[in-house]
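Next up, data08.tsv (TSV, C-alpha atoms and all ligand atoms):
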```
chain	number	residue	atom	x	y	z
A	146	MET	CA	0.00	0.00	0.00
A	147	ALA	CA	1.50	3.29	-1.11
A	148	LYS	CA	0.36	6.74	-2.09
A	149	ILE	CA	1.53	10.00	-3.55
A	150	VAL	CA	0.72	13.58	-2.59
A	151	ILE	CA	0.82	16.15	-5.40
A	152	ASN	CA	1.41	19.83	-4.73
A	153	ARG	CA	-1.26	21.10	-7.10
A	154	GLU	CA	-0.27	24.75	-6.75
A	155	LYS	CA	3.32	24.05	-7.87
A	156	CYS	CA	2.30	21.72	-10.70
A	157	LYS	CA	2.88	23.13	-14.19
A	158	GLY	CA	0.77	20.53	-15.94
A	159	CYS	CA	3.61	19.10	-18.03
A	160	LEU	CA	1.95	15.68	-17.76
A	161	LEU	CA	5.25	13.78	-17.60
A	162	CYS	CA	4.15	12.01	-14.41
A	163	ILE	CA	1.05	10.73	-16.24
A	164	SER	CA	3.24	9.30	-19.02
A	165	PHE	CA	5.63	7.55	-16.66
A	166	CYS	CA	3.31	6.09	-14.00
A	167	PRO	CA	3.33	2.35	-14.78
A	168	LYS	CA	-0.07	1.94	-13.14
A	169	GLY	CA	-1.90	4.83	-14.81
A	170	LEU	CA	-2.78	6.35	-11.47
A	171	ILE	CA	-2.38	10.01	-12.32
A	172	GLY	CA	-4.97	12.01	-14.19
A	173	LEU	CA	-5.89	15.61	-14.91
A	174	ASP	CA	-7.64	17.63	-12.27
A	175	LYS	CA	-10.92	19.24	-13.29
A	176	ASP	CA	-10.11	22.61	-11.73
A	177	LEU	CA	-7.36	25.10	-12.45
A	178	ASN	CA	-4.75	25.98	-9.85
A	179	ARG	CA	-3.85	29.53	-8.88
A	180	ARG	CA	-1.45	29.80	-11.82
A	181	GLY	CA	-4.33	29.10	-14.15
A	182	ILE	CA	-2.91	25.71	-15.04
A	183	LYS	CA	-4.78	22.45	-14.97
A	184	PRO	CA	-2.70	20.38	-12.56
A	185	VAL	CA	-2.63	16.63	-12.22
A	186	LYS	CA	-4.36	14.59	-9.59
A	187	PHE	CA	-3.66	11.24	-7.90
A	188	SER	CA	-6.56	9.45	-9.44
A	189	ARG	CA	-7.40	6.97	-12.11
A	190	GLN	CA	-9.99	9.36	-13.41
A	191	ALA	CA	-9.82	11.48	-16.47
A	192	ASN	CA	-6.93	10.00	-18.41
A	193	LEU	CA	-7.54	6.32	-18.48
A	194	ASN	CA	-11.11	5.92	-19.56
A	195	LYS	CA	-10.02	4.07	-22.69
A	196	GLY	CA	-12.71	2.68	-24.90
A	197	GLY	CA	-15.28	5.00	-23.42
A	198	THR	CA	-15.44	3.28	-20.06
A	199	PRO	CA	-16.62	5.72	-17.43
A	200	PRO	CA	-13.97	7.18	-15.11
A	201	LYS	CA	-13.23	4.82	-12.27
A	202	ALA	CA	-13.57	5.68	-8.63
A	203	GLU	CA	-10.70	7.34	-6.87
A	204	LYS	CA	-10.21	4.55	-4.38
A	205	GLU	CA	-8.48	2.53	-7.08
A	206	THR	CA	-5.34	4.51	-6.47
A	207	SER	CA	-4.69	1.75	-3.93
A	208	ASP	CA	-2.82	0.11	-6.84
A	209	CYS	CA	0.04	2.56	-6.26
A	210	ILE	CA	3.25	0.61	-5.70
A	211	GLY	CA	5.27	3.57	-4.44
A	212	CYS	CA	7.81	3.16	-7.25
A	213	SER	CA	8.46	6.95	-7.34
A	214	MET	CA	8.64	7.06	-11.15
A	215	CYS	CA	6.26	10.02	-11.13
A	216	ALA	CA	8.30	11.89	-8.52
A	217	ILE	CA	11.64	11.20	-10.22
A	218	ILE	CA	10.46	12.55	-13.59
A	219	CYS	CA	8.64	15.60	-12.14
A	220	PRO	CA	10.71	18.67	-13.12
A	221	ASP	CA	9.08	20.76	-10.43
A	222	CYS	CA	9.40	18.46	-7.43
A	223	CYS	CA	5.64	18.46	-6.87
A	224	ILE	CA	5.24	14.84	-5.81
A	225	GLU	CA	5.90	13.14	-2.49
A	226	VAL	CA	5.68	9.38	-2.20
A	227	TYR	CA	4.60	7.44	0.89
A	228	LYS	CA	5.02	3.73	1.38
B	1242	MET	CA	3.27	5.16	6.02
B	1243	GLU	CA	6.73	6.54	5.61
B	1244	LYS	CA	7.74	9.30	3.21
B	1245	THR	CA	10.03	7.63	0.65
B	1246	PHE	CA	10.43	10.50	-1.79
B	1247	LYS	CA	10.54	14.13	-0.82
B	1248	LYS	CA	12.07	17.40	-1.84
B	1249	PRO	CA	15.77	17.53	-0.91
B	1250	GLN	CA	16.66	20.07	1.77
B	1251	SER	CA	19.07	21.84	-0.55
B	1252	LEU	CA	16.24	22.71	-2.95
B	1253	ARG	CA	14.07	25.66	-1.98
B	1254	ASP	CA	10.34	25.06	-1.85
B	1255	ILE	CA	9.45	27.66	-4.47
B	1256	SER	CA	8.25	27.53	-8.06
B	1257	THR	CA	10.91	27.91	-10.71
B	1258	HIS	CA	10.58	30.15	-13.77
B	1259	TYR	CA	11.30	27.20	-16.09
B	1260	CYS	CA	8.80	26.14	-18.73
B	1261	PRO	CA	6.61	23.08	-18.05
B	1262	GLY	CA	8.60	19.90	-18.70
B	1263	CYS	CA	12.00	21.66	-18.75
B	1264	GLY	CA	14.93	19.48	-17.71
B	1265	HIS	CA	16.57	22.17	-15.59
B	1266	GLY	CA	14.19	21.41	-12.72
B	1267	ILE	CA	15.20	17.74	-12.71
B	1268	ALA	CA	18.92	18.58	-12.90
B	1269	HIS	CA	18.56	21.10	-10.05
B	1270	ARG	CA	16.91	18.47	-7.91
B	1271	LEU	CA	19.60	15.86	-8.64
B	1272	ILE	CA	22.32	18.28	-7.56
B	1273	ALA	CA	20.39	19.15	-4.39
B	1274	GLU	CA	19.92	15.46	-3.58
B	1275	VAL	CA	23.61	14.77	-4.06
B	1276	VAL	CA	24.60	17.76	-1.92
B	1277	ASP	CA	22.30	16.48	0.85
B	1278	GLU	CA	23.57	12.90	0.59
B	1279	LEU	CA	27.23	13.91	0.62
B	1280	GLU	CA	26.50	16.29	3.53
B	1281	ILE	CA	28.34	19.16	1.86
B	1282	ARG	CA	25.59	21.78	2.05
B	1283	GLU	CA	27.67	23.99	4.35
B	1284	ARG	CA	30.70	23.94	2.08
B	1285	VAL	CA	29.35	23.72	-1.45
B	1286	ILE	CA	29.39	26.82	-3.70
B	1287	GLY	CA	27.57	26.72	-7.01
B	1288	VAL	CA	28.42	29.00	-9.93
B	1289	ALA	CA	25.36	29.89	-12.00
B	1290	PRO	CA	25.62	30.58	-15.75
B	1291	VAL	CA	23.95	32.95	-18.14
B	1292	GLY	CA	21.14	31.23	-19.97
B	1293	CYS	CA	17.79	29.91	-18.80
B	1294	ALA	CA	19.47	28.81	-15.54
B	1295	VAL	CA	20.74	32.33	-14.82
B	1296	ILE	CA	18.87	32.52	-11.53
B	1297	ALA	CA	19.56	28.92	-10.49
B	1298	TYR	CA	20.95	30.38	-7.25
B	1299	ASP	CA	17.40	31.30	-6.25
B	1300	TYR	CA	16.42	27.64	-6.26
B	1301	TRP	CA	19.24	26.02	-4.30
B	1302	ASP	CA	19.47	26.49	-0.58
B	1303	PHE	CA	23.26	26.78	-0.38
B	1304	ASP	CA	25.85	29.37	-1.34
B	1305	CYS	CA	26.16	30.38	-4.97
B	1306	SER	CA	27.92	32.89	-7.16
B	1307	GLU	CA	26.99	34.23	-10.58
B	1308	ALA	CA	29.39	34.42	-13.50
B	1309	ALA	CA	29.41	36.55	-16.62
B	1310	HIS	CA	28.31	34.66	-19.70
B	1311	GLY	CA	30.60	31.67	-20.29
B	1312	ARG	CA	33.01	32.55	-17.51
B	1313	ALA	CA	31.70	30.15	-14.86
B	1314	LEU	CA	34.85	28.02	-14.88
B	1315	ALA	CA	37.08	31.08	-14.51
B	1316	VAL	CA	35.03	32.15	-11.48
B	1317	ALA	CA	35.06	28.58	-10.12
B	1318	THR	CA	38.84	28.45	-10.54
B	1319	GLY	CA	39.22	31.61	-8.47
B	1320	ILE	CA	36.90	30.45	-5.70
B	1321	LYS	CA	38.48	26.98	-5.51
B	1322	ARG	CA	42.01	28.37	-5.35
B	1323	VAL	CA	41.30	30.73	-2.48
B	1324	ARG	CA	38.90	28.39	-0.69
B	1325	PRO	CA	40.19	24.88	-1.42
B	1326	GLN	CA	38.16	23.49	1.49
B	1327	ASN	CA	34.93	24.38	-0.32
B	1328	ILE	CA	33.28	22.21	-2.95
B	1329	ILE	CA	32.81	24.24	-6.13
B	1330	PHE	CA	30.62	23.36	-9.06
B	1331	THR	CA	29.52	25.17	-12.18
B	1332	TYR	CA	26.13	24.70	-13.77
B	1333	GLN	CA	26.29	25.64	-17.44
B	1334	GLY	CA	24.27	25.22	-20.59
B	1335	ASP	CA	25.64	24.49	-24.03
B	1336	GLY	CA	25.64	28.13	-25.11
B	1337	ASP	CA	27.51	29.12	-21.97
B	1338	LEU	CA	30.00	26.26	-21.74
B	1339	ALA	CA	30.52	25.35	-25.39
B	1340	ALA	CA	30.12	28.65	-27.25
B	1341	ILE	CA	30.89	31.94	-25.53
B	1342	GLY	CA	32.76	30.14	-22.72
B	1343	THR	CA	34.75	27.61	-24.78
B	1344	ASN	CA	37.98	29.39	-23.95
B	1345	GLU	CA	37.46	29.38	-20.18
B	1346	THR	CA	36.13	25.83	-20.30
B	1347	ILE	CA	39.06	24.34	-22.19
B	1348	HIS	CA	41.73	26.10	-20.17
B	1349	ALA	CA	40.18	25.32	-16.78
B	1350	ALA	CA	39.97	21.68	-17.88
B	1351	ASN	CA	43.51	21.74	-19.21
B	1352	ARG	CA	44.77	23.12	-15.90
B	1353	GLY	CA	42.98	20.27	-14.19
B	1354	GLU	CA	41.15	22.51	-11.75
B	1355	ASN	CA	39.65	20.37	-9.00
B	1356	VAL	CA	36.06	21.44	-9.65
B	1357	THR	CA	32.82	19.79	-10.74
B	1358	VAL	CA	31.05	20.79	-13.94
B	1359	ILE	CA	27.39	20.08	-14.59
B	1360	PHE	CA	26.88	20.71	-18.28
B	1361	ILE	CA	23.29	20.91	-19.48
B	1362	ASN	CA	23.07	20.11	-23.18
B	1363	ASN	CA	19.69	20.89	-24.70
B	1364	ALA	CA	21.02	21.58	-28.20
B	1365	ILE	CA	19.58	25.10	-28.34
B	1366	TYR	CA	19.70	28.58	-26.85
B	1367	GLY	CA	16.65	28.69	-24.60
B	1368	MET	CA	16.86	32.03	-22.83
B	1369	THR	CA	17.32	34.14	-25.94
B	1370	GLY	CA	14.58	32.51	-27.95
B	1371	GLY	CA	15.60	29.23	-29.54
B	1372	GLN	CA	18.66	30.03	-31.64
B	1373	MET	CA	21.07	27.42	-32.99
B	1374	ALA	CA	23.70	26.34	-30.46
B	1375	PRO	CA	27.04	24.61	-31.07
B	1376	THR	CA	25.36	21.38	-29.98
B	1377	THR	CA	22.33	21.74	-32.28
B	1378	LEU	CA	21.91	18.53	-34.29
B	1379	LEU	CA	22.23	18.37	-38.07
B	1380	ALA	CA	18.85	19.08	-39.67
B	1381	GLN	CA	17.49	20.42	-36.37
B	1382	LYS	CA	15.35	23.51	-36.99
B	1383	THR	CA	15.93	26.56	-34.82
B	1384	VAL	CA	15.02	30.20	-35.33
B	1385	THR	CA	18.47	30.85	-36.80
B	1386	SER	CA	18.56	27.63	-38.84
B	1387	PRO	CA	15.00	27.56	-40.15
B	1388	GLU	CA	15.95	25.03	-42.82
B	1389	GLY	CA	17.71	22.87	-40.26
B	1390	ARG	CA	21.38	22.88	-39.32
B	1391	GLN	CA	23.59	22.11	-42.32
B	1392	GLU	CA	27.16	20.95	-41.91
B	1393	ARG	CA	28.44	23.06	-44.83
B	1394	LEU	CA	27.02	26.25	-43.39
B	1395	HIS	CA	27.16	25.66	-39.65
B	1396	GLY	CA	29.55	22.82	-38.99
B	1397	TYR	CA	28.78	19.71	-37.01
B	1398	PRO	CA	27.31	19.40	-33.49
B	1399	LEU	CA	30.21	20.17	-31.19
B	1400	LYS	CA	31.14	17.27	-28.94
B	1401	ILE	CA	32.79	19.34	-26.29
B	1402	SER	CA	32.80	16.51	-23.74
B	1403	GLU	CA	34.86	14.30	-26.07
B	1404	ILE	CA	37.23	17.20	-26.72
B	1405	LEU	CA	37.67	17.84	-23.00
B	1406	ALA	CA	38.16	14.13	-22.33
B	1407	SER	CA	41.18	14.21	-24.62
B	1408	LEU	CA	42.99	16.60	-22.24
B	1409	ARG	CA	45.46	14.91	-19.92
B	1410	ALA	CA	44.41	16.82	-16.79
B	1411	VAL	CA	40.72	15.87	-17.09
B	1412	LYS	CA	39.82	13.00	-14.78
B	1413	TYR	CA	36.19	12.16	-15.33
B	1414	VAL	CA	33.71	12.82	-18.14
B	1415	GLU	CA	30.34	11.11	-18.48
B	1416	ARG	CA	27.27	11.79	-20.60
B	1417	VAL	CA	23.85	11.03	-19.13
B	1418	SER	CA	20.25	11.83	-20.00
B	1419	LEU	CA	17.04	12.89	-18.27
B	1420	ASP	CA	14.70	11.14	-20.68
B	1421	SER	CA	13.19	8.63	-18.23
B	1422	PRO	CA	13.23	7.78	-14.51
B	1423	LYS	CA	15.78	5.05	-15.27
B	1424	GLU	CA	18.18	7.47	-16.97
B	1425	ILE	CA	17.61	10.07	-14.25
B	1426	ILE	CA	18.76	7.52	-11.66
B	1427	GLU	CA	21.90	6.92	-13.76
B	1428	ALA	CA	22.40	10.67	-14.13
B	1429	LYS	CA	22.33	11.10	-10.38
B	1430	LYS	CA	25.04	8.47	-9.92
B	1431	ALA	CA	27.26	10.39	-12.35
B	1432	VAL	CA	26.59	13.72	-10.63
B	1433	LYS	CA	27.43	12.14	-7.29
B	1434	LEU	CA	30.69	10.71	-8.59
B	1435	ALA	CA	31.65	14.10	-10.06
B	1436	PHE	CA	31.24	15.69	-6.60
B	1437	GLN	CA	32.90	12.79	-4.80
B	1438	ASN	CA	35.93	13.14	-7.10
B	1439	GLN	CA	36.37	16.71	-5.97
B	1440	ILE	CA	36.04	15.75	-2.31
B	1441	ASP	CA	38.70	13.09	-2.90
B	1442	ASN	CA	40.93	15.63	-4.71
B	1443	ILE	CA	40.87	13.61	-7.91
B	1444	GLY	CA	40.44	16.59	-10.21
B	1445	PHE	CA	38.38	18.05	-13.05
B	1446	SER	CA	35.12	16.15	-13.41
B	1447	LEU	CA	32.34	16.89	-15.87
B	1448	VAL	CA	28.89	15.43	-16.36
B	1449	GLU	CA	27.06	16.30	-19.56
B	1450	ILE	CA	23.31	15.98	-19.12
B	1451	LEU	CA	21.07	15.69	-22.19
B	1452	SER	CA	18.11	17.74	-21.10
B	1453	PRO	CA	14.79	18.61	-22.77
B	1454	CYS	CA	13.78	22.08	-23.94
B	1455	PRO	CA	10.21	21.35	-25.04
B	1456	THR	CA	9.50	25.03	-25.67
B	1457	TYR	CA	12.10	25.63	-28.37
B	1458	TRP	CA	12.11	22.10	-29.69
B	1459	ASP	CA	8.43	22.77	-30.35
B	1460	MET	CA	7.39	19.51	-28.71
B	1461	SER	CA	5.26	18.37	-25.81
B	1462	PRO	CA	7.30	17.48	-22.71
B	1463	LYS	CA	6.83	13.76	-23.39
B	1464	GLU	CA	7.78	14.12	-27.07
B	1465	ALA	CA	10.91	15.98	-25.98
B	1466	MET	CA	11.90	13.10	-23.70
B	1467	ASP	CA	11.36	10.63	-26.55
B	1468	TRP	CA	13.42	12.82	-28.90
B	1469	ILE	CA	16.35	12.73	-26.50
B	1470	ARG	CA	16.24	8.94	-26.43
B	1471	ASP	CA	15.57	8.36	-30.13
B	1472	VAL	CA	17.51	11.18	-31.81
B	1473	MET	CA	19.76	13.20	-29.56
B	1474	ALA	CA	21.40	10.25	-27.79
B	1475	LYS	CA	22.34	8.85	-31.22
B	1476	GLU	CA	24.48	11.93	-31.90
B	1477	PHE	CA	25.59	12.28	-28.28
B	1478	PRO	CA	26.01	8.69	-27.04
B	1479	LEU	CA	25.44	8.11	-23.34
B	1480	GLY	CA	28.01	6.60	-21.06
B	1481	ARG	CA	31.38	7.21	-19.56
B	1482	ILE	CA	33.74	9.03	-21.90
B	1483	LYS	CA	36.68	9.11	-19.52
C	1501	LIG	S1	4.56	5.97	-7.08
C	1501	LIG	FE1	4.60	4.73	-8.98
C	1501	LIG	S2	2.61	3.70	-9.04
C	1501	LIG	FE2	2.44	5.34	-7.52
C	1501	LIG	S3	1.58	7.08	-8.69
C	1501	LIG	FE3	3.82	7.32	-8.73
C	1501	LIG	S4	4.47	6.29	-10.62
C	1501	LIG	FE4	2.37	5.62	-10.19
C	1502	LIG	S1	5.39	15.94	-13.63
C	1502	LIG	FE1	5.11	17.41	-11.94
C	1502	LIG	S2	4.73	19.42	-12.92
C	1502	LIG	FE2	4.45	17.82	-14.47
C	1502	LIG	S3	2.25	17.39	-14.42
C	1502	LIG	FE3	3.22	15.90	-13.04
C	1502	LIG	S4	3.17	16.86	-11.02
C	1502	LIG	FE4	2.74	18.47	-12.51
C	1503	LIG	S1	13.31	27.77	-22.93
C	1503	LIG	FE1	13.84	25.59	-22.86
C	1503	LIG	S2	15.61	25.41	-21.50
C	1503	LIG	FE2	14.67	27.45	-21.16
C	1503	LIG	S3	13.23	27.17	-19.42
C	1503	LIG	FE3	12.05	26.85	-21.31
C	1503	LIG	S4	12.16	24.64	-21.72
C	1503	LIG	FE4	13.77	25.13	-20.24
```

Here is a file; write its structure as structure tokens.
Ligand code: SF4
Ligand code: SF4
Ligand code: SF4
Amino acid sequence: MAKIVINREKCKGCLLCISFCPKGLIGLDKDLNRRGIKPVKFSRQANLNKGGTPPKAEKETSDCIGCSMCAIICPDCCIEVYK
Amino acid sequence: MEKTFKKPQSLRDISTHYCPGCGHGIAHRLIAEVVDELEIRERVIGVAPVGCAVIAYDYWDFDCSEAAHGRALAVATGIKRVRPQNIIFTYQGDGDLAAIGTNETIHAANRGENVTVIFINNAIYGMTGGQMAPTTLLAQKTVTSPEGRQERLHGYPLKISEILASLRAVKYVERVSLDSPKEIIEAKKAVKLAFQNQIDNIGFSLVEILSPCPTYWDMSPKEAMDWIRDVMAKEFPLGRIK
């Protein structure tokens, strides 16, 4: 059981963490942050509804393996990982 | 639950001015992590360049100096010679280190100054608006090579790391990349060795980091990472050069 915490105000929305999470556990937030950027969110929602399946519930982030791939690639040090 | 990944202490908790997906942020963090791990925060002094990283000193929480464009290694030489107990590194882009500063770079390397060089190669001038750099690849389009770089007009991409490695006084040269978490982990090992060499008085150590500039490569951040792996690393092969 692991989790990440994203600093949504620092996030620049580069989406690299989404590309590199092996579990597809990061998606786009619905709301803008104070910079006017759409940050990312620790959630299966939004990015992975392939084939038109409805967004899954947020509790599925329990798949997180704490691998830190998202945090290592983040250019703005927005992600903390807990394991 | 235990925190297994967090911001290094040597990195300030503020937003940088870098574009989304820019490699400078990753490189800054790697240096901060290494400084923390080697416990040299009280004796490290960074020398910031001119280029996009011109205010890098705002982002690290340790002492820094600023150098005129290209002169970072001259400044680092001076600081190291009067304060040999300090750990001095320069942080320079390709325009700074391999164009306007070629002279200072080559002679500091040739003197074998015991300093650490972190060389960010993104094959373009970022700060001034995407002009061709010495490291721009053949056929790569920039605002000053709109048809792509051509060897007959502009020469070949300058492999400054290979040139420096040929100097007798240079002790360590390695080229790494930021294109994936795996390569970033390798890059950190190289950065750490380059600092450890200085602590052990081994001598001039340089790490060239292939780093994305999505803005002036006109790519998304992910496309820029892929381009490093698929195109740039073919021209600038990764691995230890010396
Ligand atoms: S720690 Fe690994 S599994 Fe968890 S969100 Fe980050 S990249 Fe995905
Ligand atoms: S990598 Fe960092 S800055 Fe980029 S979208 Fe993810 S959290 Fe935001
Ligand atoms: S112009 Fe390029 S190198 Fe400069 S901050 Fe933007 S992405 Fe980074």

May I have the residues of chain B within 7 Å of chain A, counting only C-alpha atoms, written as a list of chain:residue names?
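Applying the cut-off to the listed atoms yields B:Met1242, B:Glu1243, B:Lys1244, B:Thr1245, B:Phe1246, B:Lys1247, B:Lys1248, B:Ser1256, B:Pro1261, B:Gly1262, B:Cys1263, B:Gly1264, B:Gly1266, B:Ile1267, B:Ser1421, B:Pro1422, B:Pro1462, B:Lys1463.
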
Given 9 Å and only C-alpha atoms and all ligand atoms, residues near ligand LIG 1503 (chain C) as a ChimeraX atom specification
/B:1258-1266,1292-1294,1334,1363,1365-1371,1452-1458,1462

Please check which residues have atoms at most 12 Å from (45.2, 8.6, -15.3) in the file's coordinates, counting only C-alpha atoms, and write them as a ChimeraX atom specification.
/B:1353,1406-1413,1443-1445,1483

Between atom CA of Ala1297 of chain B and atom CA of Pro1325 of chain B, what is the spacing in Å?
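Between atom CA of Pro1325 of chain B and atom CA of Ala1297 of chain B the gap works out to 22.9 Å.
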
May I have the residues within 12 Å of Asn1438 of chain B as a list in words, using all atoms listed in the file and disregarding those fewer than 5 positions away in the same chain?
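Result of the neighbour search: Leu1279, Ile1328, Ile1329, Phe1330, Glu1354, Asn1355, Val1356, Thr1357, Val1358, Val1411, Lys1412, Tyr1413, Val1414, Ala1431, Val1432, Lys1433, Ile1443, Gly1444, Phe1445, Ser1446, Leu1447 and Val1448 of chain B.
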
As a check of understanding: the span from atom CA of Pro1290 of chain B to atom CA of Asn1344 of chain B is 14.9 Å

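Of note, atom CA of Glu1392 of chain B and atom CA of Leu1379 of chain B are spaced 6.8 Å apart.
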
Contacts of Ser207 of chain A at 10 Å or less, counting all atoms listed in the file, minus same-chain residues fewer than 2 places along, as a PDB file with C-alpha atoms, keeping the file's coordinate frame?
```pdb
ATOM      1  CA  MET A 146       0.000   0.000   0.000  1.00  0.00           C
ATOM      2  CA  ALA A 147       1.500   3.290  -1.110  1.00  0.00           C
ATOM      3  CA  LYS A 148       0.360   6.740  -2.090  1.00  0.00           C
ATOM      4  CA  LEU A 170      -2.780   6.350 -11.470  1.00  0.00           C
ATOM      5  CA  SER A 188      -6.560   9.450  -9.440  1.00  0.00           C
ATOM      6  CA  GLU A 203     -10.700   7.340  -6.870  1.00  0.00           C
ATOM      7  CA  LYS A 204     -10.210   4.550  -4.380  1.00  0.00           C
ATOM      8  CA  GLU A 205      -8.480   2.530  -7.080  1.00  0.00           C
ATOM      9  CA  CYS A 209       0.040   2.560  -6.260  1.00  0.00           C
ATOM     10  CA  ILE A 210       3.250   0.610  -5.700  1.00  0.00           C
TER      11      ILE A 210
END
```

Rank nothing, just name the residue among B:Thr1257, B:Asn1362, B:Thr1376, B:Ser1306 nearest to ligand LIG 1502 (chain C), using only C-alpha atoms and all ligand atoms.
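Nearest to ligand LIG 1502 (chain C): B:Thr1257.
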
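Ranking A:Leu173, A:Arg180, A:Lys168, A:Asp208 by their shortest atom-to-atom distance to ligand LIG 1502 (chain C), with only C-alpha atoms and all ligand atoms included, puts A:Leu173 first.
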
Counting all atoms listed in the file, figure out which residue out of A:Pro184, A:Arg179, A:Pro167, A:Thr206 gets nearest to ligand LIG 1502 (chain C).
A:Pro184

Which residue, B:Thr1331, B:Val1275, B:Val1316, B:Pro1398, has the smallest gap to Val1295 of chain B when you use all atoms listed in the file?
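When distances to Val1295 of chain B are compared using all atoms listed in the file, the smallest one comes from B:Thr1331.
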
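Distances from B:Gln1381, B:Trp1301, B:Ala1474, B:Ser1461 to ligand LIG 1502 (chain C) were compared using all atoms listed in the file, and the smallest one belongs to B:Ser1461.
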
From the list B:Asp1299, B:Asp1420, B:Glu1403, B:Asp1335, which residue is nearest Val1472 of chain B when using all atoms listed in the file?
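Selected residue with least distance to Val1472 of chain B: B:Asp1420.
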
Name the residues, using the chain letters and numbers of the file, that sit within 12 Å of (29.5, 30.2, -20.3) when counting all atoms listed in the file, and give them as a ChimeraX atom specification.
/B:1288-1295,1307-1317,1331-1347,1358-1361,1366

Requested write-out: C-alpha atoms of the selected residues, as a PDB file, keeping the file's coordinate frame:
```pdb
ATOM      1  CA  VAL B1288      28.420  29.000  -9.930  1.00  0.00           C
ATOM      2  CA  ALA B1289      25.360  29.890 -12.000  1.00  0.00           C
ATOM      3  CA  PRO B1290      25.620  30.580 -15.750  1.00  0.00           C
ATOM      4  CA  VAL B1291      23.950  32.950 -18.140  1.00  0.00           C
ATOM      5  CA  GLY B1292      21.140  31.230 -19.970  1.00  0.00           C
ATOM      6  CA  CYS B1293      17.790  29.910 -18.800  1.00  0.00           C
ATOM      7  CA  ALA B1294      19.470  28.810 -15.540  1.00  0.00           C
ATOM      8  CA  VAL B1295      20.740  32.330 -14.820  1.00  0.00           C
ATOM      9  CA  GLU B1307      26.990  34.230 -10.580  1.00  0.00           C
ATOM     10  CA  ALA B1308      29.390  34.420 -13.500  1.00  0.00           C
ATOM     11  CA  ALA B1309      29.410  36.550 -16.620  1.00  0.00           C
ATOM     12  CA  HIS B1310      28.310  34.660 -19.700  1.00  0.00           C
ATOM     13  CA  GLY B1311      30.600  31.670 -20.290  1.00  0.00           C
ATOM     14  CA  ARG B1312      33.010  32.550 -17.510  1.00  0.00           C
ATOM     15  CA  ALA B1313      31.700  30.150 -14.860  1.00  0.00           C
ATOM     16  CA  LEU B1314      34.850  28.020 -14.880  1.00  0.00           C
ATOM     17  CA  ALA B1315      37.080  31.080 -14.510  1.00  0.00           C
ATOM     18  CA  VAL B1316      35.030  32.150 -11.480  1.00  0.00           C
ATOM     19  CA  ALA B1317      35.060  28.580 -10.120  1.00  0.00           C
ATOM     20  CA  THR B1331      29.520  25.170 -12.180  1.00  0.00           C
ATOM     21  CA  TYR B1332      26.130  24.700 -13.770  1.00  0.00           C
ATOM     22  CA  GLN B1333      26.290  25.640 -17.440  1.00  0.00           C
ATOM     23  CA  GLY B1334      24.270  25.220 -20.590  1.00  0.00           C
ATOM     24  CA  ASP B1335      25.640  24.490 -24.030  1.00  0.00           C
ATOM     25  CA  GLY B1336      25.640  28.130 -25.110  1.00  0.00           C
ATOM     26  CA  ASP B1337      27.510  29.120 -21.970  1.00  0.00           C
ATOM     27  CA  LEU B1338      30.000  26.260 -21.740  1.00  0.00           C
ATOM     28  CA  ALA B1339      30.520  25.350 -25.390  1.00  0.00           C
ATOM     29  CA  ALA B1340      30.120  28.650 -27.250  1.00  0.00           C
ATOM     30  CA  ILE B1341      30.890  31.940 -25.530  1.00  0.00           C
ATOM     31  CA  GLY B1342      32.760  30.140 -22.720  1.00  0.00           C
ATOM     32  CA  THR B1343      34.750  27.610 -24.780  1.00  0.00           C
ATOM     33  CA  ASN B1344      37.980  29.390 -23.950  1.00  0.00           C
ATOM     34  CA  GLU B1345      37.460  29.380 -20.180  1.00  0.00           C
ATOM     35  CA  THR B1346      36.130  25.830 -20.300  1.00  0.00           C
ATOM     36  CA  ILE B1347      39.060  24.340 -22.190  1.00  0.00           C
ATOM     37  CA  VAL B1358      31.050  20.790 -13.940  1.00  0.00           C
ATOM     38  CA  ILE B1359      27.390  20.080 -14.590  1.00  0.00           C
ATOM     39  CA  PHE B1360      26.880  20.710 -18.280  1.00  0.00           C
ATOM     40  CA  ILE B1361      23.290  20.910 -19.480  1.00  0.00           C
ATOM     41  CA  TYR B1366      19.700  28.580 -26.850  1.00  0.00           C
TER      42      TYR B1366
END
```
